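File shown: start_33.cif. Contents: mmCIF, C-alpha atoms, pLDDT in the B column; chains and numbers go by the auth columns.
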data_query
#
loop_
_atom_site.group_PDB
_atom_site.id
_atom_site.type_symbol
_atom_site.label_atom_id
_atom_site.label_comp_id
_atom_site.label_asym_id
_atom_site.label_seq_id
_atom_site.Cartn_x
_atom_site.Cartn_y
_atom_site.Cartn_z
_atom_site.B_iso_or_equiv
_atom_site.auth_seq_id
_atom_site.auth_asym_id
ATOM 1 C CA MET A 1 -211.601 -125.846 -139.670 47.00 23 V
ATOM 2 C CA LYS A 2 -209.432 -127.213 -142.517 49.00 24 V
ATOM 3 C CA ILE A 3 -212.535 -128.121 -144.514 47.00 25 V
ATOM 4 C CA GLN A 4 -213.892 -124.581 -144.141 44.00 26 V
ATOM 5 C CA ARG A 5 -210.601 -123.102 -145.364 41.00 27 V
ATOM 6 C CA LEU A 6 -210.498 -125.479 -148.318 37.00 28 V
ATOM 7 C CA LEU A 7 -214.096 -124.650 -149.171 36.00 29 V
ATOM 8 C CA LEU A 8 -213.372 -120.915 -148.998 32.00 30 V
ATOM 9 C CA LEU A 9 -210.304 -121.348 -151.208 34.00 31 V
ATOM 10 C CA PHE A 10 -212.346 -123.394 -153.685 39.00 32 V
ATOM 11 C CA VAL A 11 -215.060 -120.724 -153.822 35.00 33 V
ATOM 12 C CA LEU A 12 -212.528 -117.940 -154.337 36.00 34 V
ATOM 13 C CA VAL A 13 -210.763 -119.819 -157.142 40.00 35 V
ATOM 14 C CA VAL A 14 -213.818 -121.184 -158.920 39.00 36 V
ATOM 15 C CA LEU A 15 -216.202 -118.239 -158.751 36.00 37 V
ATOM 16 C CA PRO A 16 -215.961 -115.912 -161.719 40.00 38 V
ATOM 17 C CA LEU A 17 -214.308 -112.571 -161.219 43.00 39 V
ATOM 18 C CA PHE A 18 -216.906 -109.826 -161.298 45.00 40 V
ATOM 19 C CA ALA A 19 -216.164 -106.595 -163.123 44.00 41 V
ATOM 20 C CA GLN A 20 -216.677 -104.531 -159.981 50.00 42 V
ATOM 21 C CA ASP A 21 -213.963 -106.602 -158.251 68.00 43 V
ATOM 22 C CA VAL A 22 -211.254 -105.656 -160.748 74.00 44 V
ATOM 23 C CA PRO A 23 -208.784 -103.091 -159.394 88.00 45 V
ATOM 24 C CA GLU A 24 -208.906 -99.834 -161.328 89.00 46 V
ATOM 25 C CA ALA A 25 -205.193 -100.231 -162.177 90.00 47 V
ATOM 26 C CA LEU A 26 -206.059 -103.409 -164.102 93.00 48 V
ATOM 27 C CA ARG A 27 -208.544 -101.717 -166.395 93.00 49 V
ATOM 28 C CA PRO A 28 -207.683 -100.017 -169.674 95.00 50 V
ATOM 29 C CA PRO A 29 -207.804 -96.222 -169.854 94.00 51 V
ATOM 30 C CA LYS A 30 -211.167 -94.694 -170.711 93.00 52 V
ATOM 31 C CA GLY A 31 -212.062 -95.324 -174.355 93.00 53 V
ATOM 32 C CA ALA A 32 -209.754 -98.322 -174.798 95.00 54 V
ATOM 33 C CA GLN A 33 -210.953 -101.907 -175.093 95.00 55 V
ATOM 34 C CA VAL A 34 -207.569 -103.481 -174.289 97.00 56 V
ATOM 35 C CA ALA A 35 -204.306 -102.114 -172.870 97.00 57 V
ATOM 36 C CA LEU A 36 -200.909 -103.190 -171.639 98.00 58 V
ATOM 37 C CA VAL A 37 -200.091 -102.335 -168.026 98.00 59 V
ATOM 38 C CA VAL A 38 -196.531 -102.654 -166.747 98.00 60 V
ATOM 39 C CA PHE A 39 -194.906 -102.039 -163.392 98.00 61 V
ATOM 40 C CA GLU A 40 -191.238 -101.425 -164.103 98.00 62 V
ATOM 41 C CA ASP A 41 -187.944 -100.405 -162.555 98.00 63 V
ATOM 42 C CA LEU A 42 -185.716 -98.233 -164.746 98.00 64 V
ATOM 43 C CA GLN A 43 -182.593 -100.034 -163.489 98.00 65 V
ATOM 44 C CA CYS A 44 -184.003 -103.541 -164.032 98.00 66 V
ATOM 45 C CA PRO A 45 -182.273 -105.357 -166.935 97.00 67 V
ATOM 46 C CA MET A 46 -185.403 -107.414 -167.716 97.00 68 V
ATOM 47 C CA CYS A 47 -187.470 -104.224 -167.848 98.00 69 V
ATOM 48 C CA GLY A 48 -184.935 -102.763 -170.254 97.00 70 V
ATOM 49 C CA ARG A 49 -185.101 -105.882 -172.403 97.00 71 V
ATOM 50 C CA ASP A 50 -188.922 -105.953 -172.479 97.00 72 V
ATOM 51 C CA ALA A 51 -189.575 -102.204 -172.883 97.00 73 V
ATOM 52 C CA PRO A 52 -189.052 -102.099 -176.692 96.00 74 V
ATOM 53 C CA LEU A 53 -191.281 -105.148 -177.132 97.00 75 V
ATOM 54 C CA LEU A 54 -194.072 -103.548 -175.103 97.00 76 V
ATOM 55 C CA ALA A 55 -193.754 -100.263 -176.997 96.00 77 V
ATOM 56 C CA GLN A 56 -193.865 -102.130 -180.319 97.00 78 V
ATOM 57 C CA ALA A 57 -196.908 -104.184 -179.251 98.00 79 V
ATOM 58 C CA SER A 58 -198.654 -100.979 -178.205 97.00 80 V
ATOM 59 C CA ARG A 59 -198.013 -99.452 -181.644 96.00 81 V
ATOM 60 C CA THR A 60 -198.832 -102.651 -183.560 97.00 82 V
ATOM 61 C CA TYR A 61 -202.175 -103.191 -181.847 97.00 83 V
ATOM 62 C CA LYS A 62 -202.891 -99.478 -181.353 97.00 84 V
ATOM 63 C CA ILE A 63 -203.516 -100.095 -177.650 97.00 85 V
ATOM 64 C CA PRO A 64 -202.352 -97.975 -174.714 97.00 86 V
ATOM 65 C CA LEU A 65 -199.224 -98.868 -172.774 97.00 87 V
ATOM 66 C CA VAL A 66 -199.724 -97.788 -169.163 96.00 88 V
ATOM 67 C CA GLN A 67 -196.413 -97.601 -167.311 96.00 89 V
ATOM 68 C CA HIS A 68 -196.092 -97.565 -163.516 97.00 90 V
ATOM 69 C CA ASP A 69 -192.956 -97.012 -161.485 97.00 91 V
ATOM 70 C CA PHE A 70 -191.894 -99.862 -159.221 98.00 92 V
ATOM 71 C CA PRO A 71 -188.303 -99.099 -158.178 98.00 93 V
ATOM 72 C CA LEU A 72 -186.791 -102.058 -156.365 97.00 94 V
ATOM 73 C CA PRO A 73 -184.809 -101.448 -153.173 95.00 95 V
ATOM 74 C CA MET A 74 -181.681 -103.218 -154.447 96.00 96 V
ATOM 75 C CA HIS A 75 -181.308 -100.777 -157.346 97.00 97 V
ATOM 76 C CA ASN A 76 -179.426 -97.700 -156.204 97.00 98 V
ATOM 77 C CA TRP A 77 -180.507 -95.171 -158.841 98.00 99 V
ATOM 78 C CA SER A 78 -183.890 -96.416 -160.086 98.00 100 V
ATOM 79 C CA PHE A 79 -185.983 -94.254 -157.734 98.00 101 V
ATOM 80 C CA ASP A 80 -184.126 -91.082 -158.751 98.00 102 V
ATOM 81 C CA ALA A 81 -184.457 -92.039 -162.431 98.00 103 V
ATOM 82 C CA ALA A 82 -188.216 -92.485 -161.962 98.00 104 V
ATOM 83 C CA VAL A 83 -188.426 -89.006 -160.407 98.00 105 V
ATOM 84 C CA LEU A 84 -186.528 -87.601 -163.394 98.00 106 V
ATOM 85 C CA ALA A 85 -188.906 -89.412 -165.768 98.00 107 V
ATOM 86 C CA ARG A 86 -191.817 -87.809 -163.905 98.00 108 V
ATOM 87 C CA TYR A 87 -190.142 -84.429 -164.380 98.00 109 V
ATOM 88 C CA PHE A 88 -189.992 -85.017 -168.134 98.00 110 V
ATOM 89 C CA ASP A 89 -193.649 -86.169 -168.011 97.00 111 V
ATOM 90 C CA THR A 90 -194.499 -82.628 -166.844 97.00 112 V
ATOM 91 C CA HIS A 91 -193.321 -81.397 -170.245 97.00 113 V
ATOM 92 C CA SER A 92 -195.163 -84.142 -172.116 96.00 114 V
ATOM 93 C CA LYS A 93 -195.883 -87.816 -171.627 94.00 115 V
ATOM 94 C CA ASP A 94 -194.054 -88.499 -174.914 95.00 116 V
ATOM 95 C CA ILE A 95 -190.906 -86.794 -173.582 97.00 117 V
ATOM 96 C CA GLY A 96 -191.183 -88.751 -170.315 97.00 118 V
ATOM 97 C CA ASN A 97 -191.521 -92.001 -172.225 95.00 119 V
ATOM 98 C CA ALA A 98 -188.599 -91.078 -174.481 96.00 120 V
ATOM 99 C CA PHE A 99 -186.499 -90.523 -171.349 98.00 121 V
ATOM 100 C CA ARG A 100 -187.532 -93.934 -169.997 97.00 122 V
ATOM 101 C CA GLU A 101 -186.596 -95.567 -173.319 96.00 123 V
ATOM 102 C CA THR A 102 -183.229 -93.795 -173.314 98.00 124 V
ATOM 103 C CA VAL A 103 -182.539 -94.909 -169.739 98.00 125 V
ATOM 104 C CA PHE A 104 -183.353 -98.494 -170.670 98.00 126 V
ATOM 105 C CA GLU A 105 -181.013 -98.293 -173.671 97.00 127 V
ATOM 106 C CA HIS A 106 -178.148 -96.940 -171.543 97.00 128 V
ATOM 107 C CA GLN A 107 -178.683 -98.774 -168.245 97.00 129 V
ATOM 108 C CA MET A 108 -175.165 -100.201 -168.187 96.00 130 V
ATOM 109 C CA GLU A 109 -173.628 -96.727 -168.463 97.00 131 V
ATOM 110 C CA ILE A 110 -175.703 -95.099 -165.708 98.00 132 V
ATOM 111 C CA ASN A 111 -174.770 -94.934 -162.047 98.00 133 V
ATOM 112 C CA PRO A 112 -175.829 -92.739 -159.110 97.00 134 V
ATOM 113 C CA GLN A 113 -173.012 -90.273 -159.793 97.00 135 V
ATOM 114 C CA ASN A 114 -173.765 -89.639 -163.479 98.00 136 V
ATOM 115 C CA LEU A 115 -177.581 -89.984 -163.535 98.00 137 V
ATOM 116 C CA HIS A 116 -178.256 -86.238 -163.263 97.00 138 V
ATOM 117 C CA GLY A 117 -175.690 -85.515 -165.994 97.00 139 V
ATOM 118 C CA PHE A 118 -177.297 -88.176 -168.177 98.00 140 V
ATOM 119 C CA ALA A 119 -180.707 -86.525 -167.628 98.00 141 V
ATOM 120 C CA ASP A 120 -179.209 -83.091 -168.305 98.00 142 V
ATOM 121 C CA LYS A 121 -177.826 -84.306 -171.645 98.00 143 V
ATOM 122 C CA PHE A 122 -181.247 -85.760 -172.532 98.00 144 V
ATOM 123 C CA ALA A 123 -182.909 -82.461 -171.548 98.00 145 V
ATOM 124 C CA THR A 124 -180.489 -80.443 -173.684 98.00 146 V
ATOM 125 C CA GLU A 125 -181.101 -82.710 -176.691 97.00 147 V
ATOM 126 C CA HIS A 126 -184.851 -82.097 -176.267 97.00 148 V
ATOM 127 C CA LYS A 127 -184.452 -78.339 -175.633 97.00 149 V
ATOM 128 C CA ILE A 128 -185.708 -78.606 -172.048 97.00 150 V
ATOM 129 C CA GLY A 129 -184.133 -76.967 -169.043 95.00 151 V
ATOM 130 C CA LEU A 130 -183.277 -79.344 -166.219 96.00 152 V
ATOM 131 C CA PRO A 131 -183.055 -77.605 -162.849 95.00 153 V
ATOM 132 C CA PHE A 132 -180.344 -78.657 -160.412 93.00 154 V
ATOM 133 C CA VAL A 133 -183.072 -79.644 -157.927 95.00 155 V
ATOM 134 C CA VAL A 134 -185.716 -81.392 -160.024 96.00 156 V
ATOM 135 C CA ASP A 135 -188.304 -82.012 -157.303 97.00 157 V
ATOM 136 C CA PRO A 136 -187.915 -79.381 -154.574 97.00 158 V
ATOM 137 C CA ASP A 137 -191.333 -79.994 -152.998 97.00 159 V
ATOM 138 C CA GLY A 138 -191.288 -83.798 -153.341 98.00 160 V
ATOM 139 C CA LYS A 139 -194.428 -84.036 -155.497 98.00 161 V
ATOM 140 C CA LEU A 140 -192.771 -86.118 -158.200 98.00 162 V
ATOM 141 C CA ALA A 141 -191.251 -88.474 -155.625 98.00 163 V
ATOM 142 C CA GLY A 142 -194.751 -88.757 -154.153 98.00 164 V
ATOM 143 C CA LEU A 143 -196.078 -89.904 -157.525 98.00 165 V
ATOM 144 C CA VAL A 144 -193.358 -92.556 -157.754 98.00 166 V
ATOM 145 C CA ARG A 145 -194.161 -93.735 -154.209 98.00 167 V
ATOM 146 C CA ALA A 146 -197.883 -93.828 -155.055 97.00 168 V
ATOM 147 C CA ASP A 147 -197.151 -96.115 -158.034 97.00 169 V
ATOM 148 C CA LYS A 148 -194.981 -98.317 -155.825 97.00 170 V
ATOM 149 C CA ASP A 149 -197.757 -98.479 -153.197 97.00 171 V
ATOM 150 C CA LEU A 150 -200.255 -99.374 -155.911 96.00 172 V
ATOM 151 C CA GLY A 151 -197.989 -102.192 -157.046 96.00 173 V
ATOM 152 C CA VAL A 152 -197.616 -103.449 -153.485 96.00 174 V
ATOM 153 C CA SER A 153 -201.417 -103.431 -153.115 96.00 175 V
ATOM 154 C CA LEU A 154 -201.557 -105.648 -156.229 96.00 176 V
ATOM 155 C CA HIS A 155 -198.983 -108.009 -154.646 95.00 177 V
ATOM 156 C CA ILE A 156 -196.264 -107.239 -157.161 95.00 178 V
ATOM 157 C CA ASP A 157 -192.907 -108.644 -156.132 92.00 179 V
ATOM 158 C CA HIS A 158 -190.869 -108.479 -159.352 94.00 180 V
ATOM 159 C CA THR A 159 -190.251 -106.340 -162.378 97.00 181 V
ATOM 160 C CA PRO A 160 -191.375 -106.146 -164.971 98.00 182 V
ATOM 161 C CA THR A 161 -194.877 -107.197 -164.046 98.00 183 V
ATOM 162 C CA ILE A 162 -196.912 -107.011 -167.247 98.00 184 V
ATOM 163 C CA TRP A 163 -200.647 -107.417 -167.687 97.00 185 V
ATOM 164 C CA ILE A 164 -202.942 -107.384 -170.666 97.00 186 V
ATOM 165 C CA VAL A 165 -206.139 -105.769 -169.424 97.00 187 V
ATOM 166 C CA SER A 166 -209.568 -105.388 -170.984 95.00 188 V
ATOM 167 C CA ASN A 167 -212.853 -103.737 -170.204 91.00 189 V
ATOM 168 C CA LYS A 168 -214.843 -106.949 -170.667 83.00 190 V
ATOM 169 C CA ARG A 169 -217.420 -107.829 -168.035 76.00 191 V
ATOM 170 C CA ASN A 170 -217.325 -111.645 -168.252 74.00 192 V
ATOM 171 C CA GLY A 171 -214.482 -114.027 -167.595 75.00 193 V
ATOM 172 C CA LYS A 172 -211.099 -112.745 -166.494 82.00 194 V
ATOM 173 C CA PRO A 173 -210.611 -109.143 -167.626 92.00 195 V
ATOM 174 C CA TYR A 174 -206.841 -109.229 -167.147 94.00 196 V
ATOM 175 C CA VAL A 175 -203.997 -111.702 -167.486 95.00 197 V
ATOM 176 C CA GLU A 176 -200.371 -111.498 -166.412 96.00 198 V
ATOM 177 C CA VAL A 177 -197.763 -111.993 -169.108 97.00 199 V
ATOM 178 C CA THR A 178 -195.162 -114.344 -167.666 95.00 200 V
ATOM 179 C CA ASP A 179 -193.453 -115.134 -170.980 96.00 201 V
ATOM 180 C CA THR A 180 -193.074 -112.194 -173.363 96.00 202 V
ATOM 181 C CA LYS A 181 -192.636 -114.625 -176.274 96.00 203 V
ATOM 182 C CA GLU A 182 -196.381 -115.173 -175.887 96.00 204 V
ATOM 183 C CA LEU A 183 -197.281 -111.455 -175.723 97.00 205 V
ATOM 184 C CA TYR A 184 -198.814 -111.129 -179.194 97.00 206 V
ATOM 185 C CA VAL A 185 -200.720 -114.410 -178.897 96.00 207 V
ATOM 186 C CA MET A 186 -202.090 -113.293 -175.536 96.00 208 V
ATOM 187 C CA ILE A 187 -203.138 -109.891 -176.881 97.00 209 V
ATOM 188 C CA ASP A 188 -204.899 -111.597 -179.805 95.00 210 V
ATOM 189 C CA ALA A 189 -206.719 -113.899 -177.379 93.00 211 V
ATOM 190 C CA MET A 190 -207.780 -110.987 -175.141 94.00 212 V
ATOM 191 C CA LYS A 191 -209.046 -108.998 -178.129 91.00 213 V
ATOM 192 C CA LYS A 192 -211.115 -111.972 -179.371 88.00 214 V
ATOM 193 C CA GLU A 193 -212.894 -112.583 -176.076 77.00 215 V
#

Please rewrite the model in this file as structure tokens.
Amino acid sequence: MKIQRLLLLFVLVVLPLFAQDVPEALRPPKGAQVALVVFEDLQCPMCGRDAPLLAQASRTYKIPLVQHDFPLPMHNWSFDAAVLARYFDTHSKDIGNAFRETVFEHQMEINPQNLHGFADKFATEHKIGLPFVVDPDGKLAGLVRADKDLGVSLHIDHTPTIWIVSNKRNGKPYVEVTDTKELYVMIDAMKKE
């Protein structure tokens, strides 16, 4: 029995990954050759630290940055912040991303009691009305939960979880970035393959 398990493990590790086996979430958006995919928590200090680097890499390489919500249970306002970001996404993805960037910049000032006021100030600065109840039917919260479920299905257990993904058919079409100091080198390597 142990030999069969070892053989199965060997086969799973050694066999190449086929393109049809790659989860859709680890593929670049249609029309892109390479992209950055991140699962993040708006209250996570590491996510806040890495967010500007990811945004800059996206601009530098002219590749999409695909952001997914992955609020961690120990963070007491991250889920609500993700719902607010989704609300701003309904106005435009750029506004939603600007809200995320602003939250990351001001993480230390935000708490559950002032989050809505913080979002209201952001909305006012961008000439957007922010209703008192942002998600009355729960659709935006459903989108956040769907992202979280997607992350769980990919076995994510920390934030940020960052991947460089490609649409290539041979070799490994995605790689996790475990050290952001290597981000640009890893993007270069993915683009060359």

Target residues per the PyMOL selection byres ((chain V and resi 65-80) around 8), formatted as a VMD selection string: chain V and resid 57 to 58 62 to 64 81 to 87 93 97 99 to 100 123 126 to 127 129 181 to 182 202 206

Take the residues from that selection and put them in a file with C-alpha atoms, as an mmCIF file, keeping the file's coordinate frame.
data_model
loop_
_atom_site.group_PDB
_atom_site.id
_atom_site.type_symbol
_atom_site.label_atom_id
_atom_site.label_comp_id
_atom_site.auth_asym_id
_atom_site.auth_seq_id
_atom_site.Cartn_x
_atom_site.Cartn_y
_atom_site.Cartn_z
ATOM 1 C CA ALA V 57 -204.306 -102.114 -172.870
ATOM 2 C CA LEU V 58 -200.909 -103.190 -171.639
ATOM 3 C CA GLU V 62 -191.238 -101.425 -164.103
ATOM 4 C CA ASP V 63 -187.944 -100.405 -162.555
ATOM 5 C CA LEU V 64 -185.716 -98.233 -164.746
ATOM 6 C CA ARG V 81 -198.013 -99.452 -181.644
ATOM 7 C CA THR V 82 -198.832 -102.651 -183.560
ATOM 8 C CA TYR V 83 -202.175 -103.191 -181.847
ATOM 9 C CA LYS V 84 -202.891 -99.478 -181.353
ATOM 10 C CA ILE V 85 -203.516 -100.095 -177.650
ATOM 11 C CA PRO V 86 -202.352 -97.975 -174.714
ATOM 12 C CA LEU V 87 -199.224 -98.868 -172.774
ATOM 13 C CA PRO V 93 -188.303 -99.099 -158.178
ATOM 14 C CA HIS V 97 -181.308 -100.777 -157.346
ATOM 15 C CA TRP V 99 -180.507 -95.171 -158.841
ATOM 16 C CA SER V 100 -183.890 -96.416 -160.086
ATOM 17 C CA GLU V 123 -186.596 -95.567 -173.319
ATOM 18 C CA PHE V 126 -183.353 -98.494 -170.670
ATOM 19 C CA GLU V 127 -181.013 -98.293 -173.671
ATOM 20 C CA GLN V 129 -178.683 -98.774 -168.245
ATOM 21 C CA THR V 181 -190.251 -106.340 -162.378
ATOM 22 C CA PRO V 182 -191.375 -106.146 -164.971
ATOM 23 C CA THR V 202 -193.074 -112.194 -173.363
ATOM 24 C CA TYR V 206 -198.814 -111.129 -179.194
#

Within 12 Å of stretch 152-163 of chain V using only C-alpha atoms, minus same-chain residues under 3 positions, as a PyMOL selection string: chain V and resi 91-93+100-113+138-149+166-170

Hits from the PyMOL selection byres ((chain V and resi 47) around 12), listed as a count of residues only: 32

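Relative to atom CA of V:Ile178, atom CA of V:Met96 is found at 15.4 Å.
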
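The gap separating atom CA of V:Arg191 from atom CA of V:Glu204 is 23.6 Å, in Å to one decimal.
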
Point-to-point distance in Å for atom CA of V:His177 and atom CA of V:Ala211: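 Interatomic distance, atom CA of V:Ala211 to atom CA of V:His177: 24.7 Å.
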
Nearest to V:His180, chosen from V:Gln135, V:Thr200, V:Ser114, V:Asn192, with all atoms listed in the file counted in the distances: V:Thr200

As lines of an AutoDock Vina configuration file, please report the centre and edge lengths, rounded to one decimal in Å, of the axis-aligned box that holds all listed atoms of stretch 72-87 of chain V with 3 Å of padding on each of the six sides.
center_x = -196.2
center_y = -102.0
center_z = -178.0
size_x = 20.6
size_y = 14.0
size_z = 17.1
